[in-house]
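As stored in target-v7.txt (compact mmCIF, C-alpha atoms):
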# COMPACT_ATOMS: atom_id res chain seq x y z
CA MET A 1 -2.03 -87.13 53.20
CA ALA A 2 -3.23 -84.09 55.14
CA ALA A 3 -5.20 -81.30 53.52
CA VAL A 4 -3.02 -78.68 51.86
CA ASP A 5 -4.01 -76.02 54.37
CA SER A 6 -3.66 -78.16 57.49
CA VAL A 7 -2.01 -76.52 60.49
CA LEU A 8 0.49 -78.42 62.62
CA VAL A 9 -0.26 -78.04 66.34
CA THR A 10 2.39 -79.59 68.56
CA GLY A 11 1.33 -80.56 72.07
CA ALA A 12 -2.24 -81.04 70.79
CA ALA A 13 -3.10 -83.26 73.76
CA GLY A 14 -1.89 -80.55 76.14
CA PHE A 15 -3.91 -77.78 77.78
CA ILE A 16 -3.35 -74.86 75.38
CA GLY A 17 -2.74 -77.18 72.41
CA TYR A 18 -6.15 -78.77 72.84
CA HIS A 19 -7.93 -75.40 72.95
CA VAL A 20 -6.02 -74.00 69.95
CA SER A 21 -6.68 -77.16 67.91
CA ARG A 22 -10.37 -77.00 68.73
CA ARG A 23 -10.67 -73.32 67.75
CA LEU A 24 -8.88 -73.90 64.43
CA LEU A 25 -11.06 -76.93 63.68
CA GLU A 26 -14.22 -74.97 64.52
CA GLY A 27 -13.00 -72.31 62.09
CA GLY A 28 -12.84 -74.86 59.28
CA ARG A 29 -9.11 -75.55 59.25
CA ALA A 30 -7.63 -79.04 59.11
CA VAL A 31 -5.28 -79.78 62.03
CA VAL A 32 -2.53 -82.34 62.39
CA GLY A 33 -1.82 -82.69 66.09
CA ILE A 34 1.25 -84.32 67.57
CA ASP A 35 2.08 -85.17 71.18
CA ASN A 36 4.29 -87.73 72.91
CA LEU A 37 1.65 -88.31 75.64
CA ASN A 38 4.30 -88.44 78.37
CA ALA A 39 3.47 -89.08 82.02
CA TYR A 40 4.51 -85.64 83.39
CA TYR A 41 0.86 -85.52 84.46
CA ASP A 42 -2.04 -87.98 84.12
CA PRO A 43 -2.14 -89.22 80.48
CA ALA A 44 -5.87 -89.98 80.96
CA LEU A 45 -6.54 -86.22 80.84
CA LYS A 46 -4.59 -85.98 77.58
CA ASP A 47 -6.56 -88.93 76.16
CA ALA A 48 -9.81 -87.21 77.14
CA ARG A 49 -8.78 -84.03 75.32
CA LEU A 50 -7.86 -86.05 72.22
CA ALA A 51 -11.23 -87.82 72.34
CA GLU A 52 -12.91 -84.40 72.10
CA LEU A 53 -10.74 -83.38 69.14
CA ALA A 54 -11.37 -86.70 67.39
CA LYS A 55 -15.02 -85.66 66.98
CA PHE A 56 -13.86 -83.25 64.25
CA PRO A 57 -13.33 -84.85 60.81
CA GLY A 58 -10.52 -82.38 60.07
CA PHE A 59 -8.35 -83.61 62.95
CA ARG A 60 -5.57 -86.15 62.62
CA PHE A 61 -3.43 -87.20 65.61
CA ILE A 62 0.10 -88.59 65.41
CA ARG A 63 1.95 -89.77 68.52
CA LEU A 64 5.44 -88.39 68.08
CA ASP A 65 8.22 -87.03 70.28
CA LEU A 66 9.74 -83.69 69.30
CA ALA A 67 13.22 -85.07 69.96
CA ASP A 68 12.69 -87.84 67.34
CA ARG A 69 14.76 -86.25 64.62
CA ALA A 70 13.92 -88.70 61.84
CA GLY A 71 10.22 -88.83 62.78
CA MET A 72 9.92 -85.05 62.80
CA ALA A 73 11.73 -84.71 59.48
CA ALA A 74 9.39 -87.27 57.90
CA LEU A 75 6.31 -85.49 59.31
CA PHE A 76 7.31 -82.15 57.80
CA ALA A 77 8.37 -83.70 54.49
CA GLU A 78 4.97 -85.40 54.13
CA HIS A 79 2.75 -82.45 55.05
CA ARG A 80 4.80 -79.34 54.24
CA PHE A 81 2.82 -77.27 56.74
CA ALA A 82 2.33 -73.63 55.82
CA HIS A 83 1.47 -72.80 59.45
CA VAL A 84 2.94 -74.33 62.59
CA VAL A 85 1.68 -73.59 66.12
CA HIS A 86 4.35 -75.07 68.38
CA LEU A 87 2.98 -75.50 71.90
CA ALA A 88 4.65 -78.75 72.98
CA ALA A 89 7.32 -78.38 75.64
CA GLN A 90 8.48 -79.70 78.95
CA ALA A 91 6.63 -77.26 81.17
CA GLY A 92 6.98 -76.22 84.80
CA VAL A 93 9.48 -74.08 86.69
CA ARG A 94 9.96 -76.30 89.75
CA TYR A 95 10.28 -79.57 87.79
CA SER A 96 13.24 -78.04 85.92
CA LEU A 97 15.18 -78.24 89.19
CA ILE A 98 14.47 -81.98 89.36
CA ASP A 99 14.88 -83.22 85.76
CA PRO A 100 16.81 -80.66 83.70
CA HIS A 101 17.52 -83.13 80.89
CA ALA A 102 13.80 -83.34 80.07
CA TYR A 103 13.94 -79.60 79.25
CA ILE A 104 16.99 -79.97 77.03
CA ASP A 105 15.47 -82.87 75.07
CA SER A 106 12.07 -81.25 74.50
CA ASN A 107 12.66 -77.52 74.58
CA LEU A 108 16.05 -77.32 72.84
CA VAL A 109 16.54 -80.50 70.78
CA GLY A 110 12.83 -80.66 69.97
CA PHE A 111 12.68 -77.00 69.02
CA THR A 112 15.66 -77.45 66.70
CA ASN A 113 13.72 -80.20 64.91
CA ILE A 114 10.73 -77.83 64.56
CA LEU A 115 12.93 -75.08 63.11
CA GLU A 116 14.59 -77.47 60.66
CA GLY A 117 11.22 -78.86 59.57
CA CYS A 118 9.93 -75.34 58.94
CA ARG A 119 13.11 -74.27 57.16
CA HIS A 120 13.20 -77.12 54.68
CA ASN A 121 9.49 -77.38 53.89
CA GLY A 122 8.26 -73.89 53.05
CA CYS A 123 6.62 -72.89 56.34
CA LYS A 124 5.04 -69.43 56.00
CA HIS A 125 4.66 -68.77 59.74
CA LEU A 126 5.93 -70.46 62.89
CA LEU A 127 4.22 -69.45 66.13
CA TYR A 128 5.81 -70.92 69.25
CA ALA A 129 5.19 -70.86 72.98
CA SER A 130 7.54 -68.79 75.06
CA SER A 131 6.81 -67.82 78.66
CA SER A 132 6.67 -64.98 81.16
CA SER A 133 9.51 -66.91 82.86
CA VAL A 134 11.95 -65.28 80.42
CA TYR A 135 11.62 -62.05 82.43
CA GLY A 136 13.44 -63.73 85.32
CA SER A 137 14.93 -61.19 87.70
CA ASN A 138 13.35 -58.19 85.93
CA THR A 139 11.44 -56.05 88.43
CA GLN A 140 10.10 -53.16 86.32
CA MET A 141 6.36 -53.68 85.95
CA PRO A 142 4.50 -54.34 83.76
CA PHE A 143 6.88 -56.65 81.90
CA SER A 144 7.44 -55.29 78.39
CA THR A 145 8.67 -57.13 75.31
CA HIS A 146 10.88 -54.08 74.74
CA ASP A 147 12.86 -54.86 77.92
CA ASN A 148 16.02 -56.97 78.03
CA VAL A 149 15.43 -60.56 79.26
CA ASP A 150 18.94 -61.91 79.83
CA HIS A 151 18.50 -63.02 83.45
CA PRO A 152 16.17 -66.06 83.69
CA LEU A 153 15.85 -67.58 87.17
CA SER A 154 15.09 -71.18 86.14
CA LEU A 155 16.30 -73.59 83.47
CA TYR A 156 12.74 -73.62 82.14
CA GLY A 157 12.90 -69.85 81.62
CA ALA A 158 16.36 -70.18 80.10
CA THR A 159 15.13 -72.71 77.51
CA LYS A 160 12.28 -70.40 76.53
CA LYS A 161 14.70 -67.48 76.15
CA ALA A 162 16.87 -69.81 74.04
CA ASN A 163 13.86 -70.64 71.84
CA GLU A 164 13.38 -66.95 71.07
CA ALA A 165 17.05 -66.56 70.16
CA MET A 166 17.07 -69.73 68.04
CA ALA A 167 13.94 -68.60 66.19
CA HIS A 168 15.58 -65.24 65.52
CA SER A 169 18.62 -66.89 63.95
CA TYR A 170 16.36 -68.87 61.57
CA ALA A 171 14.33 -65.77 60.77
CA HIS A 172 17.57 -63.95 59.92
CA LEU A 173 19.33 -66.73 58.03
CA PHE A 174 16.43 -68.41 56.25
CA LYS A 175 13.72 -65.72 56.32
CA LEU A 176 11.46 -68.01 58.38
CA PRO A 177 8.68 -65.78 59.84
CA ALA A 178 8.55 -66.59 63.56
CA THR A 179 6.37 -65.25 66.36
CA GLY A 180 7.11 -65.96 70.01
CA LEU A 181 4.21 -66.01 72.48
CA ARG A 182 5.10 -65.18 76.08
CA PHE A 183 2.24 -66.78 78.02
CA PHE A 184 1.34 -65.50 81.49
CA THR A 185 -0.13 -68.14 83.88
CA VAL A 186 -2.80 -69.62 81.62
CA TYR A 187 -5.80 -71.27 83.31
CA GLY A 188 -9.26 -72.54 82.47
CA PRO A 189 -11.21 -75.70 81.56
CA TRP A 190 -9.08 -78.72 80.60
CA GLY A 191 -6.17 -77.14 82.50
CA ARG A 192 -3.02 -78.78 83.86
CA PRO A 193 -3.08 -80.65 87.20
CA ASP A 194 0.40 -79.36 88.08
CA MET A 195 -0.69 -75.71 88.07
CA ALA A 196 -1.89 -73.73 91.09
CA MET A 197 -5.52 -73.34 90.02
CA TRP A 198 -6.05 -77.12 89.74
CA ILE A 199 -3.94 -77.96 92.81
CA PHE A 200 -5.89 -75.51 94.96
CA ALA A 201 -9.30 -76.60 93.63
CA LYS A 202 -8.52 -80.27 94.26
CA ALA A 203 -7.29 -79.63 97.81
CA ILE A 204 -10.19 -77.33 98.77
CA ALA A 205 -12.76 -79.81 97.44
CA ALA A 206 -11.09 -82.65 99.39
CA GLY A 207 -10.66 -80.64 102.60
CA GLU A 208 -6.88 -80.86 102.35
CA PRO A 209 -4.42 -78.02 103.12
CA ILE A 210 -3.01 -75.81 100.36
CA ARG A 211 0.50 -74.36 100.45
CA LEU A 212 0.72 -70.67 99.58
CA PHE A 213 4.29 -69.72 98.69
CA ASN A 214 5.61 -66.26 99.52
CA HIS A 215 2.95 -66.37 102.28
CA GLY A 216 0.18 -65.99 99.69
CA LYS A 217 1.49 -62.66 98.45
CA MET A 218 2.64 -64.08 95.11
CA GLN A 219 1.03 -62.15 92.23
CA ARG A 220 0.33 -63.70 88.85
CA ASP A 221 -1.14 -62.28 85.64
CA PHE A 222 -3.72 -65.08 85.35
CA THR A 223 -4.79 -65.35 81.70
CA TYR A 224 -7.97 -67.20 80.72
CA VAL A 225 -7.34 -69.81 78.03
CA ASP A 226 -9.99 -68.48 75.61
CA ASP A 227 -8.14 -65.15 75.53
CA VAL A 228 -4.91 -66.98 74.70
CA VAL A 229 -6.62 -68.89 71.89
CA GLU A 230 -8.16 -65.70 70.47
CA SER A 231 -4.71 -64.08 70.41
CA ILE A 232 -3.18 -67.05 68.60
CA GLU A 233 -6.02 -67.30 66.08
CA ARG A 234 -5.59 -63.64 65.19
CA LEU A 235 -1.82 -64.00 64.82
CA VAL A 236 -1.71 -67.21 62.73
CA ASP A 237 -2.31 -65.42 59.42
CA LYS A 238 -0.18 -62.39 60.36
CA PRO A 239 3.44 -63.47 59.89
CA PRO A 240 5.84 -60.78 61.05
CA ALA A 241 7.76 -58.68 58.57
CA GLY A 242 11.08 -57.15 59.44
CA ASN A 243 10.88 -53.94 61.40
CA PRO A 244 12.06 -51.17 59.02
CA ALA A 245 12.82 -48.93 62.02
CA TYR A 246 15.05 -51.51 63.70
CA ASP A 247 18.35 -49.93 64.79
CA GLY A 248 21.31 -52.18 65.57
CA ASN A 249 22.86 -49.42 67.67
CA ARG A 250 19.81 -49.43 69.94
CA PRO A 251 18.30 -52.89 69.40
CA ASP A 252 14.66 -53.40 70.36
CA PRO A 253 14.35 -56.84 72.06
CA SER A 254 10.80 -57.31 70.69
CA SER A 255 11.50 -57.03 66.96
CA SER A 256 14.23 -57.20 64.35
CA SER A 257 15.19 -56.47 60.79
CA ALA A 258 14.39 -60.18 60.32
CA PRO A 259 10.75 -61.45 60.18
CA TRP A 260 10.63 -62.10 63.93
CA ARG A 261 8.44 -60.82 66.76
CA VAL A 262 7.62 -61.63 70.38
CA TYR A 263 4.35 -60.77 72.14
CA ASN A 264 3.15 -60.91 75.71
CA ILE A 265 -0.09 -62.92 76.02
CA GLY A 266 -1.31 -61.86 79.46
CA ASN A 267 -4.33 -60.41 81.19
CA ASN A 268 -2.59 -57.11 82.03
CA ASN A 269 -3.94 -57.37 85.60
CA PRO A 270 -1.91 -59.21 88.28
CA VAL A 271 -3.89 -60.96 91.03
CA GLU A 272 -2.62 -62.05 94.45
CA LEU A 273 -2.85 -65.77 95.21
CA LEU A 274 -4.91 -65.06 98.33
CA GLU A 275 -7.60 -63.50 96.13
CA VAL A 276 -7.55 -66.54 93.84
CA VAL A 277 -8.07 -68.80 96.86
CA GLU A 278 -11.04 -66.70 98.01
CA LEU A 279 -12.64 -66.93 94.55
CA LEU A 280 -12.08 -70.70 94.47
CA GLU A 281 -13.66 -70.99 97.93
CA LYS A 282 -16.70 -69.10 96.68
CA SER A 283 -17.08 -71.26 93.54
CA ILE A 284 -16.50 -74.55 95.35
CA GLY A 285 -18.50 -73.62 98.44
CA LYS A 286 -15.83 -74.68 100.95
CA LYS A 287 -13.16 -72.86 102.92
CA ALA A 288 -9.50 -73.60 102.25
CA ILE A 289 -7.07 -74.85 104.89
CA ARG A 290 -4.10 -72.55 104.29
CA GLU A 291 -0.42 -73.22 104.93
CA LEU A 292 1.78 -70.17 104.36
CA ALA A 293 5.27 -70.98 103.03
CA PRO A 294 8.35 -69.01 101.88
CA MET A 295 9.36 -68.42 98.24
CA GLN A 296 10.55 -71.42 96.25
CA PRO A 297 13.79 -71.49 94.21
CA GLY A 298 13.19 -70.37 90.62
CA ASP A 299 9.94 -68.56 91.43
CA VAL A 300 9.38 -64.83 90.93
CA PRO A 301 7.18 -62.76 93.27
CA ALA A 302 5.03 -61.18 90.54
CA THR A 303 4.20 -61.24 86.83
CA TYR A 304 2.37 -58.51 84.97
CA ALA A 305 2.13 -58.23 81.18
CA ASN A 306 2.22 -55.13 79.02
CA VAL A 307 0.10 -56.13 76.00
CA ASP A 308 0.11 -52.84 74.05
CA ASP A 309 1.89 -54.43 71.06
CA LEU A 310 -0.67 -57.23 70.82
CA MET A 311 -3.49 -54.69 70.94
CA ARG A 312 -1.83 -52.58 68.26
CA ASP A 313 -1.13 -55.45 65.86
CA VAL A 314 -4.25 -57.64 66.18
CA ASP A 315 -6.72 -55.32 67.94
CA PHE A 316 -7.15 -57.64 70.92
CA ARG A 317 -6.10 -57.75 74.55
CA PRO A 318 -6.90 -60.59 77.00
CA SER A 319 -9.48 -59.29 79.47
CA THR A 320 -11.56 -62.10 81.00
CA PRO A 321 -12.07 -61.15 84.68
CA ILE A 322 -10.49 -63.61 87.13
CA ALA A 323 -13.82 -64.21 88.94
CA GLU A 324 -15.52 -65.16 85.66
CA GLY A 325 -12.64 -67.38 84.55
CA ILE A 326 -12.46 -69.24 87.87
CA ALA A 327 -16.22 -69.83 87.87
CA ARG A 328 -15.95 -71.39 84.38
CA PHE A 329 -12.97 -73.50 85.42
CA ILE A 330 -14.75 -74.87 88.50
CA GLU A 331 -17.88 -75.61 86.45
CA TRP A 332 -15.74 -77.71 84.10
CA TYR A 333 -13.76 -79.25 86.99
CA ARG A 334 -16.96 -80.47 88.68
CA ALA A 335 -18.26 -81.97 85.42
CA TYR A 336 -14.94 -83.66 84.54
CA HIS A 337 -14.59 -85.25 88.00
CA ARG A 338 -18.37 -85.87 88.32
CA LEU A 339 -18.46 -84.02 91.63
Just give me the structure of the file as structure tokens.
Amino acid sequence: MAAVDSVLVTGAAGFIGYHVSRRLLEGGRAVVGIDNLNAYYDPALKDARLAELAKFPGFRFIRLDLADRAGMAALFAEHRFAHVVHLAAQAGVRYSLIDPHAYIDSNLVGFTNILEGCRHNGCKHLLYASSSSVYGSNTQMPFSTHDNVDHPLSLYGATKKANEAMAHSYAHLFKLPATGLRFFTVYGPWGRPDMAMWIFAKAIAAGEPIRLFNHGKMQRDFTYVDDVVESIERLVDKPPAGNPAYDGNRPDPSSSSAPWRVYNIGNNNPVELLEVVELLEKSIGKKAIRELAPMQPGDVPATYANVDDLMRDVDFRPSTPIAEGIARFIEWYRAYHRL
């Protein structure tokens, strides 16, 4: 039986899930981590993250798929988690064009099982991963949680938008406090091999060409993972209350009369991919072989987060400079691969 105050972290073997679990454990909390350890990317990296977490006596790992309805119900019934940090999902914009059913199973069916577990077992606060992908075809910068997000450009973005709407319905019907976290291009040590930072670093180190979509002019609000973790840690014990100023005639997309909120978790400073490549070259000590390519389906040319609400509510805004974050990532990357 888990400790009474244990936090459920889903996707604990994943990139952000690992870092959040570690921070909570270092802060003295007990953590139950679940993950299905799928092969979307190298499971050996997930095993290595879990080996680090296993060093903490307060950590318990359970291999479980979100879409396993009976397994998820049993997990919640046993532990009755007061706090749930739901970070497991089928990630990736481009992969959603290849295997859409993986996104339905994990991001919709799995999220329903999370909501039901929280509803029936006294959860005091559900925090869940959303994404900057919900902004879709929006072009007004920086992206604000107060803007409408009804035009996602990928199935991945659509499932994250759906998660926000599903969470709102449970907040309204069952008074389940729910906070959505719109992550903006998270990077750092223990990152994901399918993301640009890792792909570029691997290619540059090996002397292989890198493909720069939108001819390298793509801009992303790269957010260092420690800033993401700090935001989550500050929000865990701050469940949203209903917004007393909410007006159904002029609905604010970021809040509600129900205990529901969404926040941008971004660096508030978009960086062009060409600059990222230059910083990687500097840290690695090798020049990149560049191949310029057009935009890919489902991609957006730029992301840029307005984080004023996060600053107001938890007195924190992500701010790690990209040069510093990349240097830390490459330091870890060299150590992990014994370069």
> With distances taken over only C-alpha atoms, which of A:Ser133, A:Ser21, A:Thr139, A:Gln219 is nearest to Leu50 in chain A?
Replying inline: A:Ser21
> Which residues, written as a PyMOL selection string, have at least one atom at most 9 Å from Val236 in chain A, with all atoms listed in the file counted and residues fewer than 4 positions away on the same chain left out?
Replying inline: chain A and resi 83-85+125-127+231-232
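Using all atoms listed in the file, the residues found no farther than 12 Å from Ala70 in chain A, other than those of its own chain fewer than 6 positions away, are Leu64, Phe76, Ala77, Gly110, Asn113, Ile114, Glu116 and Gly117 of chain A.
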Kindly provide the residues of range 47-69 of chain A that approach range 177-199 of chain A to within 12 Å, each paired with its closest atom pair and their distance in Å to one decimal, based on all atoms listed in the file, listed by chain and increasing number, as a tab-separated table.
residue	atom	partner	partner_atom	distance
A:Asp47	CA	A:Trp190	CA	11.4
A:Ala48	CA	A:Trp190	CA	9.2
A:Arg49	CA	A:Trp190	CA	7.5
A:Leu50	CA	A:Trp190	CA	11.2
A:Glu52	CA	A:Trp190	CA	10.9
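The nearest approach to Tyr135 in chain A among the residues A:Ala88, A:Val300, A:Val262, A:Leu310, with only C-alpha atoms taken into account, belongs to A:Val300.
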>> I'd like to know which of A:Phe316, A:Phe61, A:Phe222, A:Tyr103 is closest to Thr10 in chain A, using only C-alpha atoms.
In response: A:Phe61
> Can you tell me, as a PyMOL selection string, what residues are no more than 12 Å from Glu278 in chain A when counting all atoms listed in the file, ignoring any on the same chain fewer than 3 positions away?
Replying inline: chain A and resi 197+200-201+204+216+271-275+281-290+322-323+326-327
Give me, as a tab-separated table, each residue of range 50-119 of chain A that comes within 12 Å of range 28-44 of chain A, together with its shortest interatomic pair and the distance in Å at one decimal, counting only C-alpha atoms, with rows ordered by chain and rising residue number.
residue	atom	partner	partner_atom	distance
A:Leu50	CA	A:Gly33	CA	9.2
A:Ala51	CA	A:Ala44	CA	10.4
A:Leu53	CA	A:Gly33	CA	9.5
A:Ala54	CA	A:Gly33	CA	10.4
A:Phe56	CA	A:Ala30	CA	9.1
A:Pro57	CA	A:Ala30	CA	8.3
A:Gly58	CA	A:Ala30	CA	4.5
A:Phe59	CA	A:Val31	CA	5.0
A:Arg60	CA	A:Val32	CA	4.9
A:Phe61	CA	A:Gly33	CA	4.8
A:Ile62	CA	A:Ile34	CA	4.9
A:Arg63	CA	A:Asp35	CA	5.3
A:Leu64	CA	A:Asn36	CA	5.0
A:Asp65	CA	A:Asn36	CA	4.8
A:Leu66	CA	A:Asn36	CA	7.7
A:Ala67	CA	A:Asn36	CA	9.8
A:Asp68	CA	A:Asn36	CA	10.1
A:Gly71	CA	A:Ile34	CA	11.1
A:Met72	CA	A:Ile34	CA	9.9
A:Leu75	CA	A:Ile34	CA	9.8
A:Phe76	CA	A:Val32	CA	10.9
A:Glu78	CA	A:Val32	CA	11.6
A:His79	CA	A:Val32	CA	9.0
A:Arg80	CA	A:Val32	CA	11.4
A:Phe81	CA	A:Val32	CA	9.3
A:Ala82	CA	A:Val31	CA	11.6
A:His83	CA	A:Val31	CA	10.0
A:Val84	CA	A:Val32	CA	9.7
A:Val85	CA	A:Gly33	CA	9.7
A:His86	CA	A:Ile34	CA	9.8
A:Leu87	CA	A:Asp35	CA	9.7
A:Ala88	CA	A:Asp35	CA	7.1
A:Ala89	CA	A:Asp35	CA	9.7
A:Gln90	CA	A:Tyr40	CA	8.4
A:Ala91	CA	A:Tyr40	CA	8.9
A:Gly92	CA	A:Tyr40	CA	9.8
A:Tyr95	CA	A:Tyr40	CA	9.5
A:Ser96	CA	A:Tyr40	CA	11.8
A:Asp99	CA	A:Tyr40	CA	10.9
A:Ala102	CA	A:Tyr40	CA	10.1
A:Tyr103	CA	A:Tyr40	CA	11.9
A:Ser106	CA	A:Asn36	CA	10.2
A:Gly110	CA	A:Asn36	CA	11.5
A:Ile114	CA	A:Ile34	CA	11.9
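Distances to Ile104 in chain A were evaluated for A:Pro142, A:Gly136, A:Pro152, A:Gly157 using all atoms listed in the file, and the minimum falls at A:Gly157.
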> Excluding same-chain residues fewer than 2 positions from Ala241 in chain A, what lies within 12 Å of it counting all atoms listed in the file, as a list in words?
Replying inline: Lys124, His125, Ala171, His172, Lys175, Leu176, Pro177, Ala178, Thr179, Lys238, Pro239, Asn243, Pro244, Ala245, Tyr246, Ser255, Ser256, Ser257, Ala258, Pro259, Trp260, Arg261 and Asp313 of chain A
If the box runs along x, y and z of the file and leaves 6 Å on each side of range 210-222 of chain A, what are its centre and edge lengths in Å, one decimal, as AutoDock Vina command-line options?
--center_x 0.9 --center_y -69.0 --center_z 93.8 --size_x 21.3 --size_y 25.7 --size_z 28.9
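Atom pair CA of Val276 in chain A / CA of Lys161 in chain A: separated by 28.4 Å.
Among the candidates A:Met141, A:Ala206, A:Ile330, A:Ala158, the residue lying nearest to Tyr304 in chain A is A:Met141 (atoms considered: all atoms listed in the file).
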>> Using only C-alpha atoms, which protein or nucleic acid residues come within 9 Å of Asp309 in chain A? Drop anything in the same chain fewer than 2 positions from it, and give the result as a PyMOL selection string.
In response: chain A and resi 145+263-264+306-307+311-314
>> Could you tell me how far CA of Val228 in chain A sits from CA of His151 in chain A, in Å to one decimal place?
In response: 25.3 Å
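Rounded to one decimal, CA of Val149 in chain A and CA of Pro253 in chain A lie 8.2 Å from each other.
For the set A:Pro270, A:Arg211, A:His168, A:Pro318, the residue with the smallest atom-to-atom gap to Pro240 in chain A is A:His168, counting all atoms listed in the file.
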